[in-house]
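So this block is start16.txt, compact mmCIF, C-alpha atoms:
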# COMPACT_ATOMS: atom_id res chain seq x y z
CA MET A 1 0.00 0.00 0.00
CA ILE A 2 1.33 3.39 -0.99
CA PRO A 3 0.14 6.60 0.62
CA ALA A 4 -0.74 9.75 -1.31
CA PRO A 5 2.22 12.06 -1.97
CA PHE A 6 3.18 14.65 0.60
CA GLU A 7 5.75 17.31 1.34
CA TYR A 8 8.04 16.16 4.14
CA TYR A 9 9.57 18.40 6.78
CA ARG A 10 11.98 17.52 9.57
CA PRO A 11 12.52 20.76 11.51
CA ARG A 12 14.79 21.06 14.55
CA GLU A 13 12.89 23.71 16.44
CA MET A 14 9.33 23.94 17.69
CA ALA A 15 9.05 27.46 16.23
CA ALA A 16 9.52 25.97 12.76
CA VAL A 17 6.87 23.30 13.47
CA LEU A 18 4.39 25.95 14.57
CA ALA A 19 5.16 28.09 11.52
CA LEU A 20 4.46 25.12 9.22
CA LEU A 21 1.19 24.38 11.02
CA ALA A 22 0.18 28.06 10.74
CA GLU A 23 1.05 28.12 7.04
CA HIS A 24 -0.67 24.91 5.98
CA GLY A 25 -3.58 24.69 8.43
CA ASP A 26 -5.40 21.38 8.40
CA GLU A 27 -3.34 20.20 5.41
CA ALA A 28 -0.41 19.71 7.81
CA ARG A 29 0.03 17.18 10.57
CA VAL A 30 2.82 16.40 12.97
CA MET A 31 4.09 12.83 13.25
CA ALA A 32 5.86 11.26 16.22
CA GLY A 33 6.55 7.52 15.81
CA GLY A 34 4.05 7.32 12.96
CA HIS A 35 2.66 3.94 13.97
CA SER A 36 -0.93 5.20 14.03
CA LEU A 37 -0.61 7.80 11.27
CA ILE A 38 1.39 5.88 8.65
CA PRO A 39 -1.02 2.89 8.53
CA MET A 40 -3.90 5.34 8.07
CA MET A 41 -2.00 7.16 5.32
CA LYS A 42 -1.24 3.84 3.60
CA LEU A 43 -4.92 2.94 3.68
CA ARG A 44 -5.59 6.47 2.37
CA MET A 45 -7.92 7.03 5.27
CA ALA A 46 -5.71 9.95 6.28
CA GLU A 47 -4.41 12.42 3.72
CA VAL A 48 -1.57 14.61 4.90
CA PRO A 49 -0.25 16.90 2.16
CA HIS A 50 2.31 18.37 4.59
CA LEU A 51 3.89 15.90 6.99
CA ILE A 52 5.99 17.31 9.82
CA ASP A 53 8.30 14.71 11.37
CA LEU A 54 9.05 15.59 15.01
CA GLN A 55 12.06 13.27 15.44
CA ASP A 56 14.68 16.06 15.37
CA VAL A 57 12.74 18.70 17.30
CA GLU A 58 14.55 19.70 20.46
CA GLY A 59 12.98 19.42 23.89
CA LEU A 60 10.54 16.58 23.23
CA SER A 61 12.54 13.70 24.68
CA GLY A 62 13.46 12.49 28.12
CA ILE A 63 11.91 11.17 31.29
CA THR A 64 12.41 13.23 34.44
CA VAL A 65 11.40 12.38 37.99
CA SER A 66 11.97 15.19 40.46
CA GLY A 67 10.22 16.98 43.31
CA GLY A 68 7.41 14.42 43.33
CA GLU A 69 6.64 15.10 39.66
CA ILE A 70 7.11 12.92 36.62
CA ARG A 71 7.49 14.44 33.17
CA LEU A 72 7.62 12.52 29.91
CA GLY A 73 8.57 14.32 26.72
CA ALA A 74 6.08 13.61 23.95
CA MET A 75 8.66 11.67 21.91
CA VAL A 76 9.43 9.18 24.71
CA THR A 77 8.77 5.76 23.21
CA GLN A 78 6.92 2.87 24.84
CA ALA A 79 10.26 1.00 24.79
CA GLU A 80 11.92 3.84 26.73
CA ILE A 81 9.09 3.74 29.29
CA ILE A 82 9.66 0.00 29.71
CA ASP A 83 13.45 0.38 30.02
CA SER A 84 13.44 3.31 32.47
CA LYS A 85 14.49 2.08 35.92
CA GLU A 86 13.61 5.45 37.42
CA LEU A 87 10.07 5.26 36.06
CA ALA A 88 9.63 1.63 37.09
CA GLN A 89 10.43 2.80 40.61
CA ALA A 90 8.33 5.98 40.63
CA ALA A 91 5.28 4.91 38.60
CA PRO A 92 5.37 1.18 37.83
CA ILE A 93 1.86 1.28 36.32
CA LEU A 94 3.37 2.92 33.22
CA ARG A 95 5.68 -0.01 32.56
CA GLU A 96 2.87 -2.48 33.25
CA ALA A 97 0.67 -0.72 30.69
CA ALA A 98 3.40 -0.16 28.08
CA LEU A 99 4.28 -3.86 28.10
CA GLN A 100 0.70 -4.57 27.02
CA ILE A 101 0.84 -2.21 24.03
CA ALA A 102 1.51 -3.63 20.57
CA ASP A 103 4.78 -5.58 20.16
CA PRO A 104 8.53 -4.89 20.55
CA GLN A 105 9.08 -3.38 17.10
CA VAL A 106 6.04 -1.11 17.38
CA ARG A 107 7.01 -0.09 20.93
CA ALA A 108 10.43 0.95 19.60
CA MET A 109 8.70 3.61 17.49
CA GLY A 110 5.39 4.35 19.22
CA THR A 111 5.49 7.33 21.56
CA VAL A 112 3.57 8.43 24.63
CA GLY A 113 2.78 11.77 22.98
CA GLY A 114 1.34 10.15 19.87
CA ASN A 115 -0.60 7.67 21.97
CA VAL A 116 -2.30 10.36 24.06
CA ALA A 117 -2.67 13.03 21.34
CA ASN A 118 -4.23 10.87 18.64
CA GLY A 119 -7.54 10.48 20.47
CA ASP A 120 -7.96 6.85 19.40
CA PRO A 121 -10.30 5.25 21.98
CA GLY A 122 -8.28 2.03 21.62
CA ASN A 123 -5.05 3.59 22.87
CA ASP A 124 -4.03 2.64 26.39
CA MET A 125 -2.19 5.74 27.60
CA PRO A 126 -5.18 8.15 27.59
CA GLY A 127 -7.11 6.14 30.20
CA LEU A 128 -3.95 5.60 32.20
CA MET A 129 -3.19 9.33 32.16
CA GLN A 130 -6.73 10.06 33.33
CA CYS A 131 -6.28 7.57 36.16
CA LEU A 132 -3.05 9.35 37.16
CA GLY A 133 -4.57 12.82 36.86
CA ALA A 134 -1.92 13.79 34.30
CA ARG A 135 -1.65 17.12 32.52
CA PHE A 136 -0.75 17.54 28.86
CA THR A 137 1.37 20.45 27.70
CA LEU A 138 0.23 22.02 24.43
CA VAL A 139 2.30 24.56 22.53
CA GLY A 140 0.73 26.81 19.93
CA PRO A 141 0.93 30.27 18.41
CA GLU A 142 -0.42 31.79 21.63
CA GLY A 143 2.24 30.05 23.72
CA GLU A 144 2.01 27.14 26.10
CA ARG A 145 -0.95 25.82 28.06
CA GLU A 146 -1.71 22.76 30.16
CA VAL A 147 -4.86 20.68 29.82
CA ALA A 148 -5.90 17.97 32.27
CA ALA A 149 -6.04 14.51 30.70
CA ARG A 150 -9.51 14.22 32.22
CA ASP A 151 -10.67 17.24 30.15
CA PHE A 152 -8.75 16.46 26.96
CA TYR A 153 -10.91 13.88 25.16
CA GLU A 154 -14.10 15.04 23.44
CA ALA A 155 -14.94 12.14 21.10
CA ALA A 156 -13.06 9.58 19.02
CA TYR A 157 -10.08 11.41 17.47
CA MET A 158 -11.49 14.73 18.75
CA THR A 159 -9.52 16.38 21.50
CA GLU A 160 -9.04 19.69 23.22
CA ARG A 161 -5.87 20.24 21.15
CA ASP A 162 -6.32 22.83 18.39
CA ASP A 163 -5.03 22.09 14.87
CA ASP A 164 -2.25 24.65 15.28
CA GLU A 165 -1.02 23.18 18.57
CA VAL A 166 1.49 20.42 19.35
CA LEU A 167 1.37 18.21 22.42
CA THR A 168 4.89 18.38 23.84
CA ALA A 169 4.81 16.60 27.21
CA VAL A 170 2.75 14.76 29.79
CA ALA A 171 3.27 15.34 33.51
CA PHE A 172 1.77 13.94 36.70
CA ALA A 173 2.46 13.65 40.40
CA VAL A 174 4.31 10.51 41.49
CA PRO A 175 1.41 8.15 42.19
CA GLU A 176 0.95 6.65 45.64
CA GLY A 177 -0.16 3.20 46.71
CA GLY A 178 -1.05 0.09 44.76
CA TYR A 179 -1.55 0.00 41.02
CA ALA A 180 -2.74 -2.24 38.22
CA TYR A 181 -3.20 -1.98 34.48
CA GLU A 182 -5.36 -4.90 33.35
CA LYS A 183 -6.13 -5.44 29.69
CA GLN A 184 -8.24 -8.02 27.91
CA LYS A 185 -7.25 -8.43 24.27
CA ARG A 186 -7.89 -10.99 21.55
CA LYS A 187 -4.20 -11.56 20.90
CA ILE A 188 -0.89 -10.05 21.90
CA GLY A 189 -0.51 -6.66 20.23
CA ASP A 190 -4.23 -6.03 19.93
CA TYR A 191 -6.13 -3.04 21.22
CA ALA A 192 -8.14 -3.67 24.35
CA THR A 193 -11.50 -5.37 24.35
CA ALA A 194 -11.58 -3.84 27.81
CA ALA A 195 -8.85 -2.36 29.99
CA ALA A 196 -8.72 -0.75 33.41
CA ALA A 197 -6.15 1.49 35.10
CA VAL A 198 -6.45 1.51 38.89
CA GLN A 199 -4.45 3.27 41.61
CA ILE A 200 -5.42 2.68 45.25
CA ARG A 201 -3.93 4.20 48.40
CA ARG A 202 -4.43 2.26 51.59
CA GLU A 203 -4.38 3.51 55.17
CA GLY A 204 -4.52 0.75 57.74
CA ALA A 205 -7.25 -1.65 56.66
CA SER A 206 -9.18 0.75 54.48
CA CYS A 207 -8.91 2.52 51.15
CA ALA A 208 -7.92 6.18 51.55
CA ALA A 209 -7.98 7.18 47.89
CA ALA A 210 -8.66 5.56 44.54
CA SER A 211 -8.67 6.41 40.86
CA ILE A 212 -10.20 4.27 38.11
CA ALA A 213 -10.19 4.72 34.32
CA MET A 214 -11.43 2.38 31.60
CA THR A 215 -10.12 2.03 28.02
CA ASN A 216 -11.88 1.27 24.72
CA LEU A 217 -15.32 1.07 26.30
CA SER A 218 -16.60 4.38 24.97
CA ASP A 219 -15.52 6.86 22.30
CA THR A 220 -13.24 8.43 24.91
CA PRO A 221 -11.50 6.98 27.94
CA VAL A 222 -13.80 6.82 30.94
CA TRP A 223 -12.47 8.12 34.26
CA SER A 224 -15.10 7.01 36.75
CA GLU A 225 -15.10 9.17 39.84
CA ALA A 226 -18.15 7.31 41.14
CA ALA A 227 -16.43 3.93 40.84
CA ALA A 228 -13.43 5.21 42.81
CA GLU A 229 -15.64 6.83 45.46
CA ALA A 230 -17.41 3.51 45.98
CA LEU A 231 -14.09 2.13 47.22
CA VAL A 232 -12.89 5.03 49.39
CA GLY A 233 -13.43 4.50 53.11
CA THR A 234 -14.19 0.80 52.69
CA GLU A 235 -12.05 -2.28 53.28
CA LEU A 236 -12.78 -3.38 49.71
CA GLY A 237 -15.23 -6.07 50.66
CA PRO A 238 -17.50 -7.68 48.05
CA GLU A 239 -20.15 -4.96 48.46
CA ALA A 240 -17.73 -2.11 47.84
CA ILE A 241 -16.31 -3.79 44.76
CA GLU A 242 -19.82 -4.53 43.48
CA ALA A 243 -20.71 -0.86 43.96
CA ALA A 244 -17.58 0.23 42.07
CA VAL A 245 -18.35 -2.15 39.20
CA THR A 246 -21.98 -0.96 39.05
CA ALA A 247 -20.82 2.68 38.98
CA MET A 248 -18.34 1.90 36.18
CA LEU A 249 -21.01 0.10 34.13
CA ALA A 250 -23.25 3.17 34.33
CA GLU A 251 -20.52 5.29 32.73
CA ILE A 252 -19.15 3.15 29.91
CA ASP A 253 -20.83 3.04 26.52
CA PRO A 254 -19.16 0.38 24.37
CA SER A 255 -20.20 -0.24 20.79
CA GLU A 256 -20.31 -3.50 18.87
CA ASP A 257 -17.35 -4.19 16.59
CA ASN A 258 -15.01 -7.02 15.66
CA ARG A 259 -14.04 -7.37 19.33
CA GLY A 260 -17.57 -8.43 20.17
CA PRO A 261 -21.11 -7.33 20.94
CA VAL A 262 -21.96 -4.74 23.59
CA GLU A 263 -23.02 -7.35 26.17
CA PHE A 264 -19.69 -9.14 25.88
CA LYS A 265 -17.72 -5.93 26.25
CA ARG A 266 -19.69 -4.99 29.36
CA HIS A 267 -18.97 -8.45 30.74
CA ALA A 268 -15.25 -8.11 29.93
CA ALA A 269 -15.20 -4.65 31.55
CA VAL A 270 -16.55 -6.14 34.79
CA VAL A 271 -14.00 -8.96 34.84
CA ILE A 272 -11.10 -6.62 34.05
CA LEU A 273 -12.08 -4.00 36.63
CA ARG A 274 -12.47 -6.66 39.33
CA ARG A 275 -9.03 -8.03 38.52
CA ALA A 276 -7.45 -4.58 38.44
CA ILE A 277 -8.96 -3.57 41.78
CA ALA A 278 -7.87 -6.84 43.40
CA ARG A 279 -4.32 -6.52 42.09
CA ALA A 280 -3.97 -2.83 42.94
CA TRP A 281 -5.26 -3.53 46.47
CA SER A 282 -2.84 -6.44 46.90
CA ARG A 283 0.00 -4.02 46.09
CA ALA A 284 -1.34 -1.12 48.18
CA MET B 1 3.74 16.29 -7.12
CA PRO B 2 6.24 17.02 -4.34
CA ASP B 3 9.90 16.95 -5.22
CA LYS B 4 12.03 13.91 -4.73
CA MET B 5 14.48 14.15 -1.90
CA HIS B 6 18.10 13.15 -1.50
CA VAL B 7 18.22 10.12 0.75
CA LYS B 8 21.43 8.94 2.36
CA LEU B 9 21.50 5.65 4.23
CA THR B 10 24.22 3.37 5.51
CA VAL B 11 22.97 -0.13 4.81
CA ASN B 12 24.94 -3.13 6.06
CA GLY B 13 27.96 -0.87 6.35
CA GLU B 14 27.77 0.57 2.83
CA ALA B 15 26.86 4.17 2.08
CA GLN B 16 23.85 4.48 -0.23
CA GLU B 17 22.48 7.57 -1.86
CA PHE B 18 19.44 7.99 -4.09
CA LEU B 19 16.53 10.25 -4.96
CA ALA B 20 13.15 9.15 -3.67
CA GLU B 21 9.75 10.51 -2.91
CA PRO B 22 9.37 10.98 0.84
CA ARG B 23 6.35 8.65 0.83
CA GLU B 24 8.42 5.68 -0.30
CA LEU B 25 8.39 3.09 2.45
CA LEU B 26 11.75 1.89 3.72
CA ILE B 27 10.95 -1.74 2.85
CA TYR B 28 10.54 -0.85 -0.84
CA ALA B 29 13.71 1.23 -0.88
CA LEU B 30 15.62 -1.74 0.53
CA ARG B 31 14.05 -4.36 -1.71
CA GLU B 32 13.59 -2.53 -4.99
CA ARG B 33 16.39 0.04 -5.03
CA LEU B 34 19.09 -1.79 -3.14
CA ASN B 35 18.08 -5.35 -4.11
CA LEU B 36 18.08 -6.42 -0.49
CA THR B 37 15.22 -8.86 -0.80
CA GLY B 38 15.81 -10.58 2.54
CA PRO B 39 13.31 -8.41 4.43
CA HIS B 40 9.87 -9.34 3.09
CA VAL B 41 6.56 -7.56 2.64
CA GLY B 42 4.15 -9.74 4.57
CA CYS B 43 1.03 -8.12 5.95
CA ASP B 44 2.04 -4.56 4.99
CA THR B 45 0.17 -3.38 8.12
CA SER B 46 2.87 -3.53 10.85
CA HIS B 47 1.60 -6.78 12.34
CA CYS B 48 3.64 -9.67 10.92
CA GLY B 49 7.24 -8.50 11.31
CA ALA B 50 8.50 -10.07 8.04
CA CYS B 51 9.87 -6.62 7.10
CA THR B 52 11.85 -6.21 10.35
CA VAL B 53 15.21 -4.46 9.98
CA ILE B 54 17.53 -2.70 12.43
CA VAL B 55 17.45 1.10 12.16
CA ASP B 56 19.91 3.00 14.38
CA GLY B 57 19.98 0.10 16.82
CA LYS B 58 16.23 -0.49 17.02
CA THR B 59 14.33 -3.33 15.39
CA VAL B 60 11.52 -1.74 13.42
CA LYS B 61 8.92 -2.76 10.88
CA SER B 62 10.17 -1.20 7.67
CA CYS B 63 6.70 -1.25 6.07
CA THR B 64 5.72 1.45 8.56
CA LEU B 65 8.63 3.83 8.12
CA PHE B 66 8.98 6.36 5.33
CA VAL B 67 12.37 6.43 3.71
CA ALA B 68 12.37 10.15 4.58
CA GLN B 69 12.25 9.29 8.30
CA ALA B 70 15.19 6.93 7.91
CA ASN B 71 17.28 9.51 6.04
CA GLY B 72 20.73 9.54 7.64
CA ALA B 73 20.19 6.27 9.50
CA GLU B 74 22.33 3.18 9.83
CA ILE B 75 20.40 0.12 8.75
CA THR B 76 21.11 -3.57 9.07
CA THR B 77 19.11 -6.16 7.17
CA ILE B 78 19.34 -9.94 7.30
CA GLU B 79 21.96 -9.71 4.51
CA GLY B 80 24.20 -7.84 6.98
CA LEU B 81 23.90 -10.45 9.72
CA GLY B 82 25.48 -13.40 7.92
CA SER B 83 26.12 -14.94 4.53
CA PRO B 84 25.63 -18.45 3.10
CA ASP B 85 29.31 -19.21 3.82
CA ASP B 86 29.33 -17.54 7.19
CA LEU B 87 25.99 -17.98 8.93
CA SER B 88 25.34 -16.13 12.16
CA PRO B 89 24.77 -18.27 15.27
CA LEU B 90 21.02 -17.60 14.97
CA GLN B 91 20.98 -18.57 11.31
CA ARG B 92 22.84 -21.80 12.13
CA ALA B 93 20.48 -22.54 15.00
CA PHE B 94 17.37 -21.99 12.84
CA ARG B 95 18.82 -24.46 10.32
CA GLU B 96 19.82 -27.03 12.90
CA HIS B 97 16.61 -26.88 14.93
CA HIS B 98 14.20 -26.66 12.00
CA GLY B 99 13.17 -23.13 13.00
CA LEU B 100 11.53 -22.56 9.64
CA GLN B 101 9.36 -24.29 7.11
CA CYS B 102 8.44 -22.02 4.19
CA GLY B 103 11.03 -19.44 5.30
CA PHE B 104 9.01 -16.34 4.52
CA CYS B 105 9.04 -15.00 8.10
CA THR B 106 12.61 -16.14 8.80
CA PRO B 107 14.59 -12.99 7.87
CA GLY B 108 12.37 -10.89 10.13
CA MET B 109 12.50 -13.54 12.85
CA ILE B 110 16.29 -13.72 12.82
CA THR B 111 16.73 -9.94 12.62
CA ARG B 112 14.41 -9.43 15.58
CA ALA B 113 15.99 -12.30 17.52
CA THR B 114 19.47 -10.82 16.92
CA LYS B 115 18.38 -7.66 18.71
CA LEU B 116 16.54 -9.62 21.40
CA LEU B 117 19.70 -11.55 22.29
CA GLU B 118 21.73 -8.32 22.35
CA GLU B 119 19.28 -6.85 24.86
CA ASN B 120 18.87 -10.05 26.85
CA PRO B 121 21.64 -12.60 26.23
CA THR B 122 20.08 -15.19 28.58
CA PRO B 123 16.34 -15.13 27.95
CA THR B 124 13.90 -17.63 29.40
CA GLU B 125 11.49 -19.37 27.03
CA GLU B 126 8.77 -16.95 28.11
CA GLU B 127 11.02 -13.95 27.45
CA VAL B 128 11.79 -15.27 23.97
CA ARG B 129 8.08 -15.67 23.22
CA PHE B 130 7.29 -12.18 24.55
CA GLY B 131 10.27 -10.62 22.78
CA MET B 132 9.27 -12.25 19.48
CA ALA B 133 5.60 -11.26 19.75
CA GLY B 134 5.90 -8.86 16.81
CA ASN B 135 6.82 -11.63 14.36
CA LEU B 136 4.22 -14.02 13.00
CA CYS B 137 4.84 -17.45 11.49
CA ARG B 138 2.08 -19.42 9.82
CA CYS B 139 4.00 -22.70 9.49
CA THR B 140 6.00 -23.77 12.49
CA GLY B 141 3.72 -23.25 15.47
CA TYR B 142 6.68 -21.33 16.95
CA GLN B 143 8.05 -24.27 18.99
CA ASN B 144 11.15 -24.70 16.87
CA ILE B 145 11.66 -20.96 16.48
CA VAL B 146 11.82 -20.60 20.25
CA LYS B 147 14.08 -23.65 20.45
CA SER B 148 16.40 -22.17 17.81
CA ILE B 149 16.70 -18.83 19.60
CA LEU B 150 17.40 -20.49 22.95
CA ALA B 151 20.02 -22.71 21.30
CA ALA B 152 21.67 -19.71 19.63
CA ALA B 153 21.73 -17.87 22.97
CA ALA B 154 23.47 -20.84 24.59
CA GLU B 155 25.99 -21.05 21.74
CA ILE B 156 26.76 -17.32 21.80
CA ASN B 157 27.21 -17.39 25.58
CA ALA B 158 29.44 -20.47 25.45
CA ALA B 159 31.62 -18.82 22.79
CA LYS B 160 31.85 -15.67 24.92
CA GLU B 161 32.91 -17.68 27.97
CA ALA B 162 35.48 -19.60 25.97
CA ALA B 163 36.94 -16.31 24.74
CA GLU B 164 37.30 -14.91 28.27

What is this structure when it is put down as structure tokens?
Amino acid sequence: MIPAPFEYYRPREMAAVLALLAEHGDEARVMAGGHSLIPMMKLRMAEVPHLIDLQDVEGLSGITVSGGEIRLGAMVTQAEIIDSKELAQAAPILREAALQIADPQVRAMGTVGGNVANGDPGNDMPGLMQCLGARFTLVGPEGEREVAARDFYEAAYMTERDDDEVLTAVAFAVPEGGYAYEKQKRKIGDYATAAAAVQIRREGASCAAASIAMTNLSDTPVWSEAAAEALVGTELGPEAIEAAVTAMLAEIDPSEDNRGPVEFKRHAAVVILRRAIARAWSRA
Amino acid sequence: MPDKMHVKLTVNGEAQEFLAEPRELLIYALRERLNLTGPHVGCDTSHCGACTVIVDGKTVKSCTLFVAQANGAEITTIEGLGSPDDLSPLQRAFREHHGLQCGFCTPGMITRATKLLEENPTPTEEEVRFGMAGNLCRCTGYQNIVKSILAAAAEINAAKEAAE
């Protein structure tokens, strides 16, 4: 498969990227690892007359953990997330999730920025970032702004990012307590049939704080405040978990596709959330 | 029609230079311009791994990389890993342990496995299976591929110890 022709740019500075976006409007798109965009261009489902490759742009790489904050440059690959000892220590849920994305070759190219910016409901990082309460940095002609991951997703492939902006980094506080990223998929490398990101903080015998987000069960990730609240203050007995699952089910809205009918996806969501809560609690 | 661009690559140690449209995929540049027909076009959708090559030290699926992105890169294909007279340990192991049947996936398998053993010289069976998850084989059922990679790891490690 051969994509439609395009002009190719590989600028070194963000100012040049922004100038190209301003000049070409919606005929231009930025590309990180390209492992979502290139397949769509090959299928000619995406036409990009002006393709801006971000690989040489300064300031988009690197993982930093300092002062209780974690920052990932947009061009950090899934493979770099997996290999980072610092990150495995500070936020092991990222490694757990990244290991369940695609396969080694794709993880060598696929980036966290592309994963969160694309707005594909099947991507794993958006739900995870909502669970962690992450913020995305957007740079545009008006300068820089931060948008909460929980406010970023509007619909499938529709996000708070404007066409003339570039997502440059994700940042979040070092998470506390137990964690789990559980994902049901048809085969290794597949998108989720259902996935859940869970962080739980425990004090004594009871749950002091929780955060729950679901992936690929709606046209956006679903951060369920009600599901988390059902756990807080309890000892995570069967009733509390049932209440969390019921709250989650009220908020997801899966659609039928080649991963199964709606009923099956709702069933998978329940199984996955139960597993994720149990594992996060066991680590809390 | 956008202009062609000057592309410079180092492929299997040799400098290459040609004019290409930016949209040309790396796999076609390798196969059709440079006659390196070891890497194969399998699924053409970044699933099967038959097109796997090493680009600047990473194993990537060359059907999902524009030649423009690879401009300036160092690339190794299966042709750079061994030759009929001088097989690499992995190539020998695949032959000895029947790690292939039709052979279509084999160049990608061996290229990926080469990188896997660089990153993890002593993998468990499970680590081999997980590390090879981006390469599909429709013939072997994978058993003998895993066996071949484990055997090659043992051989490489034994040779290293003998050298020390």

Fill in: Selected residue of minimal separation from chain A among B:Ser62, B:Asn12, B:Thr37, B:Thr122, counting only C-alpha atoms
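Among the listed residues, B:Ser62 lies closest to chain A.
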
Practice prompt. Counting only C-alpha atoms, collect the residues of chain B whose closest atom lies at most 9 Å from chain A, and write them out as number ranges by chain.
Written response: B: 1-3, 21-25, 44-47, 49, 52, 58-61, 64-66, 68-69, 112, 130-135

Which centre and which edge lengths, in Å to one decimal, describe the axis-aligned box that holds all listed atoms of stretch 130-145 of chain B after 8 Å is added on each side, as JSON?
{"center_x": 6.9, "center_y": -16.8, "center_z": 17.0, "size_x": 25.6, "size_y": 31.8, "size_z": 31.1}

Worksheet item: Can you list, as a list in words, every protein, DNA or RNA residue that comes within 10 Å of A:Gly68 when you count all atoms listed in the file, leaving out same-chain residues fewer than 6 positions away?
Response: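 Near A:Gly68, the qualifying residues are Ala90, Phe172, Ala173, Val174 and Pro175 of chain A.
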
Worksheet entry | Of the listed residues B:Ala151, B:Ile78, B:Val41, B:Ala50, that which approaches B:Phe94 most closely, counting all atoms listed in the file | B:Ala151

Discussion item. Using all atoms listed in the file for the distances, tell me which of A:Val232, A:Ala227, A:Ala148, A:Ala117 is nearest to A:Val245.
Written reply: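 That would be A:Ala227, the residue with the smallest distance to A:Val245.
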
Practice prompt. Would you work out the distance separating atom CA of A:Ala269 from atom CA of A:Gly133, expressed in Å to one decimal?
Written response: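 Going from atom CA of A:Ala269 over to atom CA of A:Gly133, I get 21.1 Å.
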
Item to complete: Tell me which protein, DNA and RNA residues are within 8 Å of B:Asp56, counting all atoms listed in the file, leaving out same-chain ones fewer than 6 positions away, and put them as a PyMOL selection string.
Response: chain B and resi 73-75

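Closest approach to A:Gly140 among A:Lys265, A:Pro221, A:Leu20, A:Ala230: A:Leu20, based on all atoms listed in the file.
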
Worksheet item: Which value, in Å to one decimal, gives the distance between atom CA of A:Gly73 and atom CA of A:Gly114?
Response: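 These two atoms are separated by 10.8 Å.
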
Discussion item. Env of B:His97: 12 Å cut, atoms = all atoms listed in the file, seq-sep filter 5 positions within chain, self excluded. Answer as a ChimeraX atom specification.
Written reply: /B:89-92,140,142-152

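Counting all atoms listed in the file, the residue from B:Gly38, B:Asn120, B:Gly72, B:Ser83 that sits nearest to B:Thr106 is B:Gly38.
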
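Atom CA of B:Leu19 to atom CA of B:Leu34 spans 12.4 Å [interatomic distance, one decimal].
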
Fill in: Shell of 10 Å around stretch 156-162 of chain A, all atoms listed in the file, local chain residues under 6 positions omitted, as a PyMOL selection string
chain A and resi 116-122+136-140+147-149+218-221

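Counting only C-alpha atoms and comparing A:Ala195, A:Ala74, A:Ala19, A:Ala208, the residue that lies closest to A:His267 is A:Ala195.
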